[in-house]
Amino acid sequence: MATTASHSRSQAPIVSRLRAHVPLWAIVVCSRLLVLAAGVAGALFTQRVRFWELFDPHRLSLSLGSLGNVLAAPALRWDGIWYVTIAEHGYRRAGLTPFFPLYPLLMRVVAWIVRSYVLAGVLVSVASFAIALALLHKLAKEEFGARVADTTVLLLAFAPLSLFFTAVYTESLFLALLVGTFYLARQQRFILAGLTAAAAALTHIEGVLLVAPLALMYWRSQGGTFLLRRLWSGSMVSLAMPPVALAGFCVYLHTEGYSWLAPVTNANSVGYSRTLVGTPVMIWRALDAGLTGLSQTFHGYSPIAPEVADPFRFGFQNLIYLVVLAIALAALIAAWRRLPREYAVLAILMLVVTTSSAVAGRPLQSFDRYLLPIFPLWMAAAAWLQEHRLSRPVLQISSLLLVFYTFEFARWVFIA
């Protein structure tokens with residue numbers, strides 16, 4: 001009987017066996033191995049269609065040899081192609097200007113050592129992810145205690161779209177810089193926090209939003225007031241660093257012959273037709289699209305219809321986005337109630353930005369990926385799940401979805 005029970009436990013999913021005492025490095029390694037295995041499986045079942053060539057015109061995803069192409073499948077797809085191109089050749093056309101420079105710059109530096117831009121991108125992503133989880137664990141432990149901190153990093157490591165923390169995308173670096181800014185500011189090291197926030201602004205346009213929570217934390221550190229004699233102190237000047245960094249990138253692009261607002265005005269030139277509509281309109285459209293998808297599902301439309309554009313049927317995908325939005329709003333309410341205001345302020349601002357532009361027919365396209373770096377939502381969700389003893393089933397379901405999404409991503413199905 002004991003042998004049977006032991007064998008049964010050994011067959012349980014890896015996530016269900018993770019406990020609070022498992023070190024962070026093991027969480028990183030286990031989650032990344034799961035992504036690698038699912039991605040390799042997806043690559044082996046890939047059926048090439050002409051559509052993907054539009055997003056990989058130079059066939060970079062086929063340039064690594066038979067083994068390399070399979071191993072790189074969960075990392076080098078879609079936007080990853082553009083980051084490799086920037087790292088290797090710079091901003092040689094307008095369509096690349098929406099992609100911010102710090103991540104490809106780090107890729108270029110690491111590639112000088114490892115002699116591969118793809119490998120360099122993966123190394124930057126994985127290293128950034130490990131740093132982000134370590135700092136996030138410290139923040140969550142400070143706010144909620146060790147058990148919630150463990151659940152927070154587990155939720156993020158095995159999130160359905162955490163494949164992007166390994167891919168040649170900016171999510172892991174951006175997360176590390178966001179969390180790093182908060183970690184430094186909470187220690188009242190505002191100059192370093194400002195520099196980290198500036199780096200975040202050079203990684204993703206939303207990095208400039210860190211000015212608001214930084215100002216709030218600085219104001220609180222001064223006893224709830226801004227003294228006139230301190231307006232030019234190093235700590236106060238650090239608040240200007242993120243917008244100055246963003247402006248510097250715009251100036252650089254202008255010297256290269258592009259418009260001052262090239263990161264915004266050229267956003268649609270890489271195939272993503274977004275329109276600025278504002279958050280209220282976006283939520284209304286998402287609600288309409290999601291309910292339409294629900295109606296279609298109830299009327300017999302199969303939700304599973306994978307193609308290059310989506311892993312699910314059009315309407316069902318919009319329903320999933322609507323559910324994700326509802327969860328995000330619930331987590332935001334929890335963050336507002338249970339975390340210091342600077343956390344909720346960052347989450348609110350980032351949610352407003354990510355829900356300000358819509359894609360025709362898919363209002364919330366990529367919204368689930370945009371949620372990955374909004375770490376206050378993950379902290380609040382982990383606290384709620386831990387309190388209601390739901391963390392284990394959620395992690396099990398999440399890890400299965402991670403396998404599914406990674407498998408499809410490696411097959412050139414568009415995942416966020």
# chains A, B, ... in the order shown; residues from 1 in each chain; ligands from 1
$ residues_around --residues "stretch 113-117 of chain A" --least-positions-apart "3" --cutoff "8 Å" --atoms "only C-alpha atoms" --output "ChimeraX atom specification"
/A:84,87-88,107-110,120-121
$ write_last_selection --atoms "N, CA and C atoms" --output "mmCIF file, in the first residue's frame"
data_model
loop_
_atom_site.group_PDB
_atom_site.id
_atom_site.type_symbol
_atom_site.label_atom_id
_atom_site.label_comp_id
_atom_site.auth_asym_id
_atom_site.auth_seq_id
_atom_site.Cartn_x
_atom_site.Cartn_y
_atom_site.Cartn_z
ATOM 1 N N VAL A 84 15.772 40.329 -32.488
ATOM 2 C CA VAL A 84 17.034 39.819 -33.035
ATOM 3 C C VAL A 84 17.524 40.734 -34.154
ATOM 4 N N ALA A 87 18.950 43.912 -32.594
ATOM 5 C CA ALA A 87 20.226 43.636 -31.933
ATOM 6 C C ALA A 87 21.356 43.493 -32.941
ATOM 7 N N GLU A 88 21.050 42.932 -34.079
ATOM 8 C CA GLU A 88 22.080 42.670 -35.078
ATOM 9 C C GLU A 88 22.317 43.860 -36.009
ATOM 10 N N MET A 107 21.169 42.189 -25.583
ATOM 11 C CA MET A 107 21.376 41.032 -26.454
ATOM 12 C C MET A 107 22.675 41.188 -27.243
ATOM 13 N N ARG A 108 22.887 42.385 -27.752
ATOM 14 C CA ARG A 108 24.089 42.619 -28.546
ATOM 15 C C ARG A 108 25.362 42.424 -27.716
ATOM 16 N N VAL A 109 25.323 42.893 -26.468
ATOM 17 C CA VAL A 109 26.487 42.748 -25.588
ATOM 18 C C VAL A 109 26.750 41.280 -25.288
ATOM 19 N N VAL A 110 25.695 40.551 -24.916
ATOM 20 C CA VAL A 110 25.865 39.129 -24.578
ATOM 21 C C VAL A 110 26.248 38.320 -25.817
ATOM 22 N N ALA A 120 21.730 34.745 -26.883
ATOM 23 C CA ALA A 120 21.896 35.927 -26.039
ATOM 24 C C ALA A 120 20.547 36.419 -25.522
ATOM 25 N N GLY A 121 19.545 36.448 -26.394
ATOM 26 C CA GLY A 121 18.212 36.882 -25.969
ATOM 27 C C GLY A 121 17.629 35.971 -24.909
#
$ residues_around --residues "A:Ser399" --least-positions-apart "4" --cutoff "8 Å" --atoms "only C-alpha atoms" --output "PDB file with C-alpha atoms, in the first residue's frame"
ATOM      1  CA  VAL A  15       3.671  21.968  -9.784  1.00  0.00           C
ATOM      2  CA  PHE A 158       3.789  28.726 -14.056  1.00  0.00           C
ATOM      3  CA  ALA A 159       1.381  31.318 -15.445  1.00  0.00           C
ATOM      4  CA  PRO A 160      -0.249  30.219 -18.720  1.00  0.00           C
ATOM      5  CA  LEU A 395      -1.223  26.105 -10.206  1.00  0.00           C
ATOM      6  CA  VAL A 403       2.085  23.578 -21.830  1.00  0.00           C
TER       7      VAL A 403
END
$ select_by_dssp --residues "stretch 84-159 of chain A" --states "alpha helix (DSSP H)" --output "PyMOL selection string"
chain A and resi 84-89+102-114+117-144+146-157
$ closest_residue --among "A:Leu34, A:Leu246, A:Leu71, A:Ala43" --to "A:Ile205" --atoms "only C-alpha atoms"
A:Leu246
$ residues_around --residues "stretch 313-329 of chain A" --least-positions-apart "2" --cutoff "8 Å" --atoms "only C-alpha atoms" --output "MDAnalysis selection string"
chainID A and resid 286:287 289:294 296:297 302:306 310:311 331:333 362:365 367:368 371 377
$ atom_distance --atom1 "atom CA of A:Leu154" --atom2 "atom CA of A:Arg341"
24.1 Å
$ residues_around --residues "A:Thr97" --least-positions-apart "4" --cutoff "9 Å" --atoms "only C-alpha atoms" --output "count of residues only"
11
$ residues_around --residues "A:Pro340" --least-positions-apart "6" --cutoff "10 Å" --atoms "only C-alpha atoms" --output "PDB file with C-alpha atoms, in the first residue's frame"
ATOM      1  CA  GLU A 143       3.857  42.651   2.587  1.00  0.00           C
ATOM      2  CA  MET A 217       6.984  56.652  -2.078  1.00  0.00           C
ATOM      3  CA  PRO A 376       0.992  43.912  -7.778  1.00  0.00           C
TER       4      PRO A 376
END
$ closest_residue --among "A:Leu33, A:Leu161, A:Leu351, A:Ile86" --to "A:Ser398" --atoms "only C-alpha atoms"
A:Leu161
$ residues_around --residues "A:Leu173" --least-positions-apart "6" --cutoff "12 Å" --atoms "only C-alpha atoms" --output "PDB file with C-alpha atoms, in the first residue's frame"
ATOM      1  CA  PHE A 100      12.494  49.780 -27.269  1.00  0.00           C
ATOM      2  CA  PRO A 101      16.309  49.608 -27.217  1.00  0.00           C
ATOM      3  CA  LEU A 102      17.560  48.300 -23.865  1.00  0.00           C
ATOM      4  CA  TYR A 103      16.682  44.637 -24.413  1.00  0.00           C
ATOM      5  CA  PRO A 104      18.271  44.348 -27.899  1.00  0.00           C
ATOM      6  CA  LEU A 106      21.818  43.781 -23.850  1.00  0.00           C
ATOM      7  CA  MET A 107      21.376  41.032 -26.454  1.00  0.00           C
ATOM      8  CA  GLY A 121      18.212  36.882 -25.969  1.00  0.00           C
ATOM      9  CA  VAL A 122      17.276  33.714 -24.093  1.00  0.00           C
ATOM     10  CA  LEU A 123      20.075  34.236 -21.564  1.00  0.00           C
ATOM     11  CA  VAL A 124      19.027  37.846 -20.939  1.00  0.00           C
ATOM     12  CA  SER A 125      15.409  36.756 -20.514  1.00  0.00           C
ATOM     13  CA  VAL A 126      16.118  33.868 -18.159  1.00  0.00           C
ATOM     14  CA  ALA A 127      18.599  35.840 -16.043  1.00  0.00           C
ATOM     15  CA  SER A 128      16.167  38.748 -15.795  1.00  0.00           C
ATOM     16  CA  PHE A 129      13.368  36.365 -14.839  1.00  0.00           C
ATOM     17  CA  ALA A 130      15.426  34.823 -12.040  1.00  0.00           C
ATOM     18  CA  ILE A 131      16.314  38.268 -10.680  1.00  0.00           C
ATOM     19  CA  ALA A 132      12.691  39.398 -10.935  1.00  0.00           C
ATOM     20  CA  LEU A 133      11.404  36.400  -8.978  1.00  0.00           C
ATOM     21  CA  PHE A 164       7.349  34.851 -22.667  1.00  0.00           C
ATOM     22  CA  PHE A 165       9.775  35.014 -19.744  1.00  0.00           C
ATOM     23  CA  THR A 166      11.995  32.616 -21.696  1.00  0.00           C
ATOM     24  CA  ALA A 167      11.267  33.910 -25.192  1.00  0.00           C
ATOM     25  CA  VAL A 179      10.195  45.071  -9.255  1.00  0.00           C
ATOM     26  CA  GLY A 180      13.749  46.363  -8.844  1.00  0.00           C
ATOM     27  CA  THR A 196      16.272  51.497 -12.641  1.00  0.00           C
ATOM     28  CA  ALA A 197      13.017  53.179 -13.623  1.00  0.00           C
ATOM     29  CA  ALA A 199      16.059  51.534 -17.662  1.00  0.00           C
ATOM     30  CA  ALA A 200      12.453  50.309 -17.520  1.00  0.00           C
ATOM     31  CA  ALA A 201      11.408  53.264 -19.703  1.00  0.00           C
ATOM     32  CA  LEU A 202      14.024  52.161 -22.241  1.00  0.00           C
ATOM     33  CA  THR A 203      12.606  48.636 -22.167  1.00  0.00           C
ATOM     34  CA  HIS A 204       8.905  49.363 -22.583  1.00  0.00           C
ATOM     35  CA  GLY A 207       8.215  52.152 -17.758  1.00  0.00           C
ATOM     36  CA  LEU A 372       2.585  39.504 -16.888  1.00  0.00           C
ATOM     37  CA  PRO A 373       4.748  42.391 -15.607  1.00  0.00           C
TER      38      PRO A 373
END
$ atom_distance --atom1 "atom CA of A:Leu239" --atom2 "atom CA of A:Ile348"
18.9 Å
$ atom_distance --atom1 "atom CA of A:Ala38" --atom2 "atom CA of A:Phe407"
5.1 Å
$ residues_around --residues "A:Ala330" --least-positions-apart "6" --cutoff "12 Å" --atoms "only C-alpha atoms" --output "PyMOL selection string"
chain A and resi 323-324+336-337+347+377-378+380-381+384
$ write_last_selection --atoms "C-alpha atoms" --output "PDB file, in the first residue's frame"
ATOM      1  CA  VAL A 323     -12.568  36.446 -18.365  1.00  0.00           C
ATOM      2  CA  VAL A 324      -8.924  37.525 -18.017  1.00  0.00           C
ATOM      3  CA  TRP A 336      -6.014  48.460  -3.641  1.00  0.00           C
ATOM      4  CA  ARG A 337      -7.369  47.038  -0.400  1.00  0.00           C
ATOM      5  CA  ALA A 347      -1.331  48.591 -11.507  1.00  0.00           C
ATOM      6  CA  LEU A 377      -1.888  41.981  -9.340  1.00  0.00           C
ATOM      7  CA  TRP A 378       0.010  38.715  -8.934  1.00  0.00           C
ATOM      8  CA  ALA A 380      -2.808  40.297  -4.496  1.00  0.00           C
ATOM      9  CA  ALA A 381      -4.054  37.206  -6.340  1.00  0.00           C
ATOM     10  CA  TRP A 384      -6.347  35.645  -1.963  1.00  0.00           C
TER      11      TRP A 384
END
$ closest_residue --among "A:Ala193, A:Ala157, A:Ile374, A:Ala111" --to "A:Leu402" --atoms "only C-alpha atoms"
A:Ala157
